[in-house]
file start21.txt (compact mmCIF, C-alpha atoms)
# COMPACT_ATOMS: atom_id res chain seq x y z
CA MET I 1 16.85 -2.25 -5.75
CA THR I 2 15.40 -5.19 -7.64
CA GLY I 3 11.95 -6.01 -8.95
CA VAL I 4 9.35 -4.59 -11.28
CA TYR I 5 9.87 -0.90 -10.51
CA GLU I 6 13.61 -1.15 -11.11
CA HIS I 7 12.87 -2.45 -14.59
CA ALA I 8 10.47 0.41 -15.28
CA LEU I 9 12.58 3.22 -13.79
CA GLY I 10 15.98 2.12 -15.07
CA SER I 11 18.76 4.46 -13.97
CA GLU I 12 16.17 6.85 -12.49
CA ALA I 13 15.80 4.39 -9.60
CA ASP I 14 19.10 5.74 -8.26
CA ASP I 15 17.32 9.04 -7.46
CA LEU I 16 14.83 7.45 -5.06
CA HIS I 17 15.25 8.00 -1.33
CA PRO I 18 17.07 4.92 0.04
CA LYS I 19 14.10 3.99 2.22
CA VAL I 20 11.74 4.16 -0.74
CA ARG I 21 14.17 2.00 -2.70
CA ASP I 22 14.20 -0.48 0.17
CA ARG I 23 10.40 -0.53 0.22
CA TYR I 24 10.24 -1.62 -3.40
CA ALA I 25 13.34 -3.85 -3.34
CA VAL I 26 11.17 -6.95 -3.63
CA ASP I 27 11.91 -9.60 -6.24
CA ALA I 28 10.06 -12.70 -7.30
CA ASP I 29 12.52 -15.08 -5.67
CA GLY I 30 12.93 -13.31 -2.32
CA THR I 31 12.32 -14.99 1.03
CA THR I 32 10.74 -12.05 2.87
CA ALA I 33 7.64 -9.88 2.65
CA SER I 34 7.30 -6.26 3.76
CA VAL I 35 4.52 -5.28 6.17
CA GLY I 36 3.59 -1.66 6.88
CA ARG I 37 1.21 -0.32 9.55
CA GLY I 38 -0.19 3.15 10.09
CA THR I 39 -3.31 5.28 9.57
CA MET I 40 -5.05 6.85 6.57
CA ASP I 41 -7.53 9.67 5.93
CA ILE I 42 -9.95 8.46 3.24
CA SER I 43 -12.49 10.33 1.12
CA ARG I 44 -14.76 9.19 -1.71
CA GLY I 45 -17.13 10.80 -4.17
CA THR I 46 -20.90 10.55 -3.83
CA HIS I 47 -21.78 10.00 -7.49
CA VAL I 48 -19.87 6.72 -7.64
CA LEU I 49 -21.14 5.03 -4.47
CA PRO I 50 -23.07 2.24 -6.27
CA ALA I 51 -19.95 1.34 -8.26
CA LEU I 52 -17.78 1.41 -5.13
CA TYR I 53 -20.14 -0.95 -3.29
CA ALA I 54 -20.08 -3.31 -6.29
CA MET I 55 -16.27 -3.45 -6.19
CA THR I 56 -15.94 -4.59 -2.56
CA PRO I 57 -16.35 -8.36 -3.20
CA ARG I 58 -13.35 -8.21 -5.50
CA ASN I 59 -11.15 -6.35 -2.99
CA LEU I 60 -10.92 -3.37 -5.31
CA LEU I 61 -12.32 0.00 -4.19
CA PHE I 62 -14.81 0.61 -1.35
CA PRO I 63 -17.47 3.17 -0.30
CA GLU I 64 -16.35 3.98 3.27
CA ALA I 65 -14.54 7.16 4.30
CA GLY I 66 -12.96 8.32 7.56
CA LYS I 67 -10.11 9.93 9.47
CA ASP I 68 -7.18 8.09 11.06
CA VAL I 69 -8.37 4.72 9.74
CA PRO I 70 -5.98 1.92 10.82
CA PHE I 71 -4.13 0.70 7.76
CA SER I 72 -1.78 -2.12 6.83
CA VAL I 73 0.00 -2.96 3.59
CA THR I 74 1.80 -6.19 2.67
CA THR I 75 4.07 -6.47 -0.36
CA PHE I 76 5.95 -9.45 -1.80
CA GLY I 77 7.26 -10.62 -5.14
CA CYS I 78 6.06 -13.55 -7.25
CA ARG I 79 5.93 -14.87 -10.80
CA THR I 80 2.80 -15.25 -12.91
CA ASP I 81 1.86 -18.44 -14.74
CA GLY I 82 3.30 -16.76 -17.84
CA ASP I 83 6.62 -16.34 -15.96
CA HIS I 84 6.35 -12.55 -15.71
CA GLU I 85 7.94 -10.94 -12.67
CA ALA I 86 5.29 -9.38 -10.41
CA LEU I 87 4.75 -7.50 -7.15
CA VAL I 88 1.73 -8.16 -4.93
CA THR I 89 0.39 -5.27 -2.84
CA ARG I 90 -2.34 -6.07 -0.32
CA ARG I 91 -3.82 -3.03 1.48
CA GLU I 92 -6.27 -3.35 4.37
CA PHE I 93 -8.34 -0.55 5.94
CA ALA I 94 -9.94 -1.24 9.34
CA PHE I 95 -13.13 0.85 9.48
CA PRO I 96 -15.18 0.77 12.72
CA ARG I 97 -17.75 -1.72 11.40
CA ARG I 98 -15.80 -3.67 8.78
CA ARG I 99 -12.49 -4.19 7.08
CA ARG I 100 -11.89 -3.42 3.43
CA ARG I 101 -9.09 -4.61 1.17
CA PHE I 102 -7.57 -3.19 -1.98
CA ASP I 103 -5.30 -5.69 -3.74
CA SER I 104 -3.13 -5.36 -6.81
CA LEU I 105 -0.68 -7.43 -8.84
CA THR I 106 1.90 -5.25 -10.62
CA VAL I 107 3.44 -7.10 -13.56
CA TRP I 108 6.55 -6.25 -15.59
CA ASP I 109 5.92 -6.81 -19.30
CA ASP I 110 9.48 -7.46 -20.44
CA GLU I 111 8.56 -7.80 -24.11
CA ASN I 112 6.97 -4.34 -24.28
CA GLU I 113 8.91 -2.75 -21.40
CA ARG I 114 5.91 -1.55 -19.41
CA LEU I 115 4.26 -1.98 -16.02
CA LEU I 116 0.70 -3.32 -15.78
CA ASP I 117 -1.43 -3.25 -12.64
CA PHE I 118 -4.05 -6.01 -12.25
CA LEU I 119 -6.48 -4.62 -9.71
CA GLY I 120 -8.57 -6.55 -7.20
CA THR I 121 -9.17 -10.27 -6.82
CA GLY I 122 -8.96 -11.86 -10.25
CA GLY I 123 -7.54 -8.75 -11.91
CA LEU I 124 -10.80 -7.66 -13.54
CA LEU I 125 -9.46 -4.13 -14.14
CA VAL I 126 -6.00 -3.63 -15.67
CA SER I 127 -4.07 -0.37 -15.92
CA GLU I 128 -0.77 0.70 -17.40
CA LEU I 129 1.50 2.36 -14.82
CA ARG I 130 3.87 5.21 -15.58
CA PRO I 131 6.35 5.66 -12.71
CA ARG I 132 8.84 8.47 -12.22
CA VAL I 133 10.94 9.96 -9.41
CA GLU I 134 10.37 13.42 -7.91
CA ALA I 135 12.62 14.68 -5.09
CA GLY I 136 13.28 11.13 -3.92
CA ALA I 137 9.60 10.11 -3.99
CA LEU I 138 8.09 7.45 -6.24
CA VAL I 139 5.24 8.93 -8.30
CA VAL I 140 3.03 6.57 -10.31
CA GLU I 141 0.33 7.63 -12.77
CA SER I 142 -2.12 5.50 -14.71
CA GLY I 143 -2.24 5.06 -18.48
CA ARG I 144 -4.49 2.96 -20.70
CA GLN I 145 -6.96 0.63 -18.96
CA TRP I 146 -8.73 -2.60 -19.84
CA LEU I 147 -11.47 -4.88 -18.55
CA ARG I 148 -10.19 -8.47 -18.34
CA ARG I 149 -12.09 -11.71 -18.76
CA ASP I 150 -9.72 -14.68 -18.52
CA ASP I 151 -7.32 -14.10 -21.45
CA SER I 152 -9.50 -11.48 -23.17
CA TYR I 153 -8.87 -7.74 -22.78
CA HIS I 154 -11.23 -4.89 -23.73
CA GLN I 155 -9.76 -1.38 -23.63
CA LEU I 156 -11.82 1.22 -21.81
CA PRO I 157 -12.61 4.43 -23.72
CA GLY I 158 -11.12 7.57 -22.22
CA PRO I 159 -14.28 8.87 -20.47
CA LEU I 160 -14.76 5.57 -18.63
CA ALA I 161 -11.14 5.14 -17.53
CA ALA I 162 -9.91 6.39 -14.16
CA SER I 163 -7.07 8.82 -13.63
CA VAL I 164 -4.85 7.54 -10.81
CA GLU I 165 -1.83 9.10 -9.10
CA VAL I 166 0.11 7.64 -6.17
CA ARG I 167 2.97 9.40 -4.36
CA ASP I 168 5.14 7.41 -1.97
CA ARG I 169 7.93 9.13 -0.02
CA PHE I 170 9.93 8.76 3.20
CA ASP I 171 10.15 11.59 5.73
CA GLU I 172 13.43 11.90 7.61
CA VAL I 173 11.82 13.90 10.44
CA ASP I 174 9.13 11.45 11.60
CA GLU I 175 10.88 8.42 10.05
CA ARG I 176 7.68 7.24 8.38
CA TYR I 177 6.49 6.53 4.87
CA HIS I 178 3.97 9.01 3.51
CA VAL I 179 1.55 7.99 0.76
CA VAL I 180 -1.10 9.92 -1.18
CA ALA I 181 -3.32 8.08 -3.65
CA THR I 182 -6.03 9.75 -5.74
CA VAL I 183 -8.56 8.23 -8.17
CA GLU I 184 -10.55 10.58 -10.43
CA ASN I 185 -12.80 10.17 -13.46
CA THR I 186 -13.64 12.64 -16.23
CA LEU I 187 -17.38 12.05 -15.92
CA ALA I 188 -17.81 11.23 -12.21
CA GLY I 189 -15.16 13.52 -10.73
CA HIS I 190 -13.63 12.43 -7.43
CA VAL I 191 -13.81 8.65 -6.95
CA LEU I 192 -11.57 7.81 -3.97
CA SER I 193 -8.44 9.06 -2.24
CA TYR I 194 -6.40 8.17 0.79
CA ARG I 195 -3.41 9.78 2.45
CA GLY I 196 -1.45 8.90 5.55
CA THR I 197 1.72 7.50 7.07
CA PHE I 198 3.08 4.13 8.13
CA THR I 199 6.16 2.29 9.32
CA GLN I 200 7.41 -0.90 7.74
CA GLU I 201 9.22 -4.10 8.71
CA ASP I 202 10.31 -7.25 6.89
CA ARG I 203 8.88 -10.67 7.77
CA GLU I 204 9.48 -14.19 6.60
CA ARG I 205 7.05 -15.17 3.88
CA GLY I 206 5.76 -18.05 5.94
CA ASP I 207 4.38 -15.54 8.46
CA VAL I 208 2.06 -13.76 5.97
CA ASP I 209 -0.51 -14.71 3.37
CA THR I 210 1.37 -14.81 0.05
CA THR I 211 -1.50 -15.90 -2.19
CA PRO I 212 -1.49 -13.70 -5.33
CA PRO I 213 -4.78 -11.86 -5.88
CA THR I 214 -4.72 -12.72 -9.59
CA GLU I 215 -4.08 -16.35 -10.52
CA ARG I 216 -3.67 -18.15 -13.86
CA LEU I 217 -2.32 -15.02 -15.56
CA THR I 218 -0.66 -16.20 -18.77
CA THR I 219 -1.35 -13.42 -21.29
CA LEU I 220 -1.11 -9.61 -21.17
CA PRO I 221 -3.04 -6.94 -23.09
CA ALA I 222 -1.74 -6.08 -26.54
CA GLN I 223 0.61 -3.14 -26.83

call {"tool": "encode", "arguments": {"input": "start21.txt", "output": "structure tokens"}}
result
Amino acid sequence: MTGVYEHALGSEADDLHPKVRDRYAVDADGTTASVGRGTMDISRGTHVLPALYAMTPRNLLFPEAGKDVPFSVTTFGCRTDGDHEALVTRREFAFPRRRRRFDSLTVWDDENERLLDFLGTGGLLVSELRPRVEAGALVVESGRQWLRRDDSYHQLPGPLAASVEVRDRFDEVDERYHVVATVENTLAGHVLSYRGTFTQEDRERGDVDTTPPTERLTTLPAQ
């Protein structure tokens, strides 16, 4: 396993299921990208609908919900303008009337030994990530969060920040990846969640769009 999650997990990466390790074995200098396809069940809260609609132009969150929504996810490694190792994750949900994307750039902050997730096109919202391993699954929770404007970061107070948990595991029975992602907020309650399964294959980078969602990233939020 190489890449940003190896740095964050250290020796704990050895406890991941081999397929989960393979899924995240993506480094900045690799020649392939991973593409997964499957379906997701998606729910969202009602109190946050205006905010969810506002996020769609930035490929962040979205207001739609549904069962068995066709889903794809593309991951590949890259380096930021500040020469930080990073992982791009591009998720696409094909609803009956439109497609929605949820993009992220996960950056390893070597100086402070932490993972940072730049969410959506341009990385307007930034979150610390705290990964761990449970029974072979990768579990990632959010930490502090910031709003970003170019090289300026403004930390969100606790009540405005989201609580995020993602669980990614591989099932030996159906030979599929299983993911559960939940976004909550202290004030608004349930924001968005999706759960489902997918299979994955590797492709040459030239066959997929490898444009990072966040460009000109040279500085990171202060520790």

call {"tool": "closest_atom_pairs", "arguments": {"input": "start21.txt", "of": "segment 57-109 of chain I", "to": "segment 180-196 of chain I", "cutoff": "9 Å", "atoms": "only C-alpha atoms", "output": "JSON lines"}}
result
{"residue": "I:Leu61", "atom": "CA", "partner": "I:Leu192", "partner_atom": "CA", "distance": 7.8}
{"residue": "I:Phe62", "atom": "CA", "partner": "I:Leu192", "partner_atom": "CA", "distance": 8.3}
{"residue": "I:Pro63", "atom": "CA", "partner": "I:Leu192", "partner_atom": "CA", "distance": 8.4}
{"residue": "I:Ala65", "atom": "CA", "partner": "I:Leu192", "partner_atom": "CA", "distance": 8.8}
{"residue": "I:Asp68", "atom": "CA", "partner": "I:Gly196", "partner_atom": "CA", "distance": 8.0}
{"residue": "I:Phe71", "atom": "CA", "partner": "I:Gly196", "partner_atom": "CA", "distance": 8.9}

call {"tool": "atom_distance", "arguments": {"input": "start21.txt", "atom1": "atom CA of Thr219 of chain I", "atom2": "atom CA of Arg148 of chain I"}}
result
10.6 Å

call {"tool": "closest_atom_pairs", "arguments": {"input": "start21.txt", "of": "segment 157-205 of chain I", "to": "segment 10-25 of chain I", "cutoff": "10 Å", "atoms": "all atoms listed in the file", "output": "Markdown table"}}
result
| residue | atom | partner | partner_atom | distance |
| --- | --- | --- | --- | --- |
| I:Asp168 | CA | I:Val20 | CA | 7.5 |
| I:Arg169 | CA | I:Val20 | CA | 6.3 |
| I:Phe170 | CA | I:Val20 | CA | 6.3 |
| I:Asp171 | CA | I:Lys19 | CA | 9.3 |
| I:Glu172 | CA | I:Lys19 | CA | 9.6 |
| I:Glu175 | CA | I:Lys19 | CA | 9.6 |
| I:Arg176 | CA | I:Lys19 | CA | 9.5 |
| I:Tyr177 | CA | I:Val20 | CA | 8.0 |
| I:Gln200 | CA | I:Arg23 | CA | 8.1 |
| I:Glu201 | CA | I:Arg23 | CA | 9.3 |
| I:Asp202 | CA | I:Arg23 | CA | 9.5 |

call {"tool": "write_last_selection", "arguments": {"input": "start21.txt", "atoms": "C-alpha atoms", "output": "CSV table (one decimal), in the coordinates of the input"}}
result
chain,number,residue,atom,x,y,z
I,168,ASP,CA,5.1,7.4,-2.0
I,169,ARG,CA,7.9,9.1,0.0
I,170,PHE,CA,9.9,8.8,3.2
I,171,ASP,CA,10.2,11.6,5.7
I,172,GLU,CA,13.4,11.9,7.6
I,175,GLU,CA,10.9,8.4,10.0
I,176,ARG,CA,7.7,7.2,8.4
I,177,TYR,CA,6.5,6.5,4.9
I,200,GLN,CA,7.4,-0.9,7.7
I,201,GLU,CA,9.2,-4.1,8.7
I,202,ASP,CA,10.3,-7.2,6.9

call {"tool": "residues_near_point", "arguments": {"input": "start21.txt", "point": "(-13.9, -0.6, -3.2)", "cutoff": "12 Å", "atoms": "only C-alpha atoms", "output": "VMD selection string"}}
result
chain I and resid 42 to 45 48 to 65 91 to 93 99 to 103 119 to 121 183 191 to 193

call {"tool": "closest_atom_pairs", "arguments": {"input": "start21.txt", "of": "segment 92-171 of chain I", "to": "segment 75-81 of chain I", "cutoff": "12 Å", "atoms": "only C-alpha atoms", "output": "CSV"}}
result
residue,atom,partner,partner_atom,distance
I:Glu92,CA,I:Thr75,CA,11.8
I:Asp103,CA,I:Thr75,CA,10.0
I:Ser104,CA,I:Thr75,CA,9.7
I:Leu105,CA,I:Cys78,CA,9.2
I:Thr106,CA,I:Gly77,CA,9.4
I:Val107,CA,I:Thr80,CA,8.2
I:Trp108,CA,I:Arg79,CA,9.9
I:Asp109,CA,I:Thr80,CA,11.0
I:Phe118,CA,I:Thr80,CA,11.5

call {"tool": "closest_residue", "arguments": {"input": "start21.txt", "among": "I:Arg167, I:Arg203, I:Arg144, I:Arg97", "to": "Ala222 of chain I", "atoms": "only C-alpha atoms"}}
result
I:Arg144

call {"tool": "atom_distance", "arguments": {"input": "start21.txt", "atom1": "atom CA of Gly36 of chain I", "atom2": "atom CA of Thr211 of chain I"}}
result
17.6 Å

call {"tool": "closest_residue", "arguments": {"input": "start21.txt", "among": "I:Asp27, I:Glu134, I:Glu215, I:Asp174", "to": "Thr199 of chain I", "atoms": "only C-alpha atoms"}}
result
I:Asp174

call {"tool": "atom_distance", "arguments": {"input": "start21.txt", "atom1": "atom CA of Gln145 of chain I", "atom2": "atom CA of His47 of chain I"}}
result
21.0 Å

call {"tool": "closest_residue", "arguments": {"input": "start21.txt", "among": "I:Ala137, I:Ser127, I:Gly82, I:Val173", "to": "Tyr153 of chain I", "atoms": "only C-alpha atoms"}}
result
I:Ser127

call {"tool": "closest_residue", "arguments": {"input": "start21.txt", "among": "I:Leu156, I:Leu87, I:Met40, I:Leu115", "to": "His178 of chain I", "atoms": "only C-alpha atoms"}}
result
I:Met40

call {"tool": "build_atoms", "arguments": {"input": "start21.txt", "residues": "segment 148-159 of chain I", "atoms": "all heavy atoms", "output": "mmCIF file, keeping the file's coordinate frame"}}
result
data_model
loop_
_atom_site.group_PDB
_atom_site.id
_atom_site.type_symbol
_atom_site.label_atom_id
_atom_site.label_comp_id
_atom_site.auth_asym_id
_atom_site.auth_seq_id
_atom_site.Cartn_x
_atom_site.Cartn_y
_atom_site.Cartn_z
ATOM 1 N N ARG I 148 -10.764 -7.150 -18.041
ATOM 2 C CA ARG I 148 -10.190 -8.470 -18.340
ATOM 3 C C ARG I 148 -11.184 -9.570 -18.025
ATOM 4 O O ARG I 148 -11.792 -9.578 -16.948
ATOM 5 C CB ARG I 148 -8.905 -8.675 -17.533
ATOM 6 C CG ARG I 148 -8.335 -10.076 -17.592
ATOM 7 C CD ARG I 148 -7.034 -10.168 -16.787
ATOM 8 N NE ARG I 148 -6.543 -11.523 -16.737
ATOM 9 C CZ ARG I 148 -6.742 -12.364 -15.728
ATOM 10 N NH1 ARG I 148 -7.422 -11.952 -14.666
ATOM 11 N NH2 ARG I 148 -6.260 -13.586 -15.758
ATOM 12 N N ARG I 149 -11.324 -10.492 -18.955
ATOM 13 C CA ARG I 149 -12.090 -11.710 -18.760
ATOM 14 C C ARG I 149 -11.218 -12.879 -19.190
ATOM 15 O O ARG I 149 -11.019 -13.089 -20.391
ATOM 16 C CB ARG I 149 -13.389 -11.693 -19.573
ATOM 17 C CG ARG I 149 -14.431 -10.706 -19.082
ATOM 18 C CD ARG I 149 -15.035 -11.142 -17.754
ATOM 19 N NE ARG I 149 -16.148 -10.279 -17.360
ATOM 20 C CZ ARG I 149 -16.813 -10.419 -16.236
ATOM 21 N NH1 ARG I 149 -16.478 -11.392 -15.390
ATOM 22 N NH2 ARG I 149 -17.798 -9.601 -15.937
ATOM 23 N N ASP I 150 -10.661 -13.598 -18.233
ATOM 24 C CA ASP I 150 -9.720 -14.680 -18.520
ATOM 25 C C ASP I 150 -8.560 -14.128 -19.354
ATOM 26 O O ASP I 150 -7.841 -13.288 -18.877
ATOM 27 C CB ASP I 150 -10.432 -15.835 -19.219
ATOM 28 C CG ASP I 150 -11.506 -16.457 -18.342
ATOM 29 O OD1 ASP I 150 -11.265 -16.547 -17.129
ATOM 30 O OD2 ASP I 150 -12.576 -16.827 -18.855
ATOM 31 N N ASP I 151 -8.416 -14.576 -20.605
ATOM 32 C CA ASP I 151 -7.320 -14.100 -21.450
ATOM 33 C C ASP I 151 -7.772 -13.051 -22.448
ATOM 34 O O ASP I 151 -7.059 -12.741 -23.411
ATOM 35 C CB ASP I 151 -6.697 -15.284 -22.214
ATOM 36 C CG ASP I 151 -5.954 -16.221 -21.281
ATOM 37 O OD1 ASP I 151 -5.489 -15.763 -20.217
ATOM 38 O OD2 ASP I 151 -5.837 -17.419 -21.610
ATOM 39 N N SER I 152 -8.953 -12.477 -22.256
ATOM 40 C CA SER I 152 -9.500 -11.480 -23.170
ATOM 41 C C SER I 152 -9.461 -10.099 -22.523
ATOM 42 O O SER I 152 -9.852 -9.944 -21.364
ATOM 43 C CB SER I 152 -10.942 -11.855 -23.555
ATOM 44 O OG SER I 152 -11.497 -10.898 -24.408
ATOM 45 N N TYR I 153 -9.001 -9.101 -23.288
ATOM 46 C CA TYR I 153 -8.870 -7.740 -22.780
ATOM 47 C C TYR I 153 -9.669 -6.775 -23.657
ATOM 48 O O TYR I 153 -9.594 -6.845 -24.887
ATOM 49 C CB TYR I 153 -7.405 -7.310 -22.753
ATOM 50 C CG TYR I 153 -6.556 -8.092 -21.780
ATOM 51 C CD1 TYR I 153 -5.958 -9.285 -22.164
ATOM 52 C CD2 TYR I 153 -6.355 -7.651 -20.478
ATOM 53 C CE1 TYR I 153 -5.188 -10.021 -21.280
ATOM 54 C CE2 TYR I 153 -5.582 -8.370 -19.583
ATOM 55 C CZ TYR I 153 -5.001 -9.552 -19.994
ATOM 56 O OH TYR I 153 -4.236 -10.270 -19.110
ATOM 57 N N HIS I 154 -10.418 -5.863 -23.012
ATOM 58 C CA HIS I 154 -11.230 -4.890 -23.730
ATOM 59 C C HIS I 154 -10.855 -3.504 -23.207
ATOM 60 O O HIS I 154 -11.123 -3.181 -22.045
ATOM 61 C CB HIS I 154 -12.715 -5.163 -23.518
ATOM 62 C CG HIS I 154 -13.112 -6.575 -23.853
ATOM 63 N ND1 HIS I 154 -13.375 -6.974 -25.156
ATOM 64 C CD2 HIS I 154 -13.254 -7.673 -23.068
ATOM 65 C CE1 HIS I 154 -13.684 -8.255 -25.162
ATOM 66 N NE2 HIS I 154 -13.621 -8.711 -23.910
ATOM 67 N N GLN I 155 -10.223 -2.689 -24.081
ATOM 68 C CA GLN I 155 -9.760 -1.380 -23.630
ATOM 69 C C GLN I 155 -10.918 -0.449 -23.326
ATOM 70 O O GLN I 155 -11.885 -0.369 -24.076
ATOM 71 C CB GLN I 155 -8.854 -0.752 -24.687
ATOM 72 C CG GLN I 155 -8.202 0.540 -24.207
ATOM 73 C CD GLN I 155 -7.164 1.071 -25.164
ATOM 74 O OE1 GLN I 155 -6.699 0.356 -26.049
ATOM 75 N NE2 GLN I 155 -6.801 2.323 -25.005
ATOM 76 N N LEU I 156 -10.799 0.261 -22.214
ATOM 77 C CA LEU I 156 -11.820 1.220 -21.810
ATOM 78 C C LEU I 156 -11.649 2.525 -22.587
ATOM 79 O O LEU I 156 -10.525 3.032 -22.707
ATOM 80 C CB LEU I 156 -11.729 1.509 -20.317
ATOM 81 C CG LEU I 156 -12.114 0.372 -19.358
ATOM 82 C CD1 LEU I 156 -11.819 0.792 -17.921
ATOM 83 C CD2 LEU I 156 -13.577 0.000 -19.513
ATOM 84 N N PRO I 157 -12.724 3.103 -23.092
ATOM 85 C CA PRO I 157 -12.610 4.430 -23.720
ATOM 86 C C PRO I 157 -12.251 5.476 -22.675
ATOM 87 O O PRO I 157 -12.551 5.320 -21.483
ATOM 88 C CB PRO I 157 -14.005 4.669 -24.298
ATOM 89 C CG PRO I 157 -14.905 3.771 -23.515
ATOM 90 C CD PRO I 157 -14.089 2.571 -23.125
ATOM 91 N N GLY I 158 -11.630 6.544 -23.121
ATOM 92 C CA GLY I 158 -11.120 7.570 -22.220
ATOM 93 C C GLY I 158 -12.089 8.035 -21.155
ATOM 94 O O GLY I 158 -11.735 8.101 -19.968
ATOM 95 N N PRO I 159 -13.355 8.372 -21.488
ATOM 96 C CA PRO I 159 -14.280 8.870 -20.470
ATOM 97 C C PRO I 159 -14.603 7.876 -19.369
ATOM 98 O O PRO I 159 -15.007 8.269 -18.273
ATOM 99 C CB PRO I 159 -15.536 9.221 -21.282
ATOM 100 C CG PRO I 159 -15.040 9.463 -22.657
ATOM 101 C CD PRO I 159 -13.915 8.497 -22.847
#
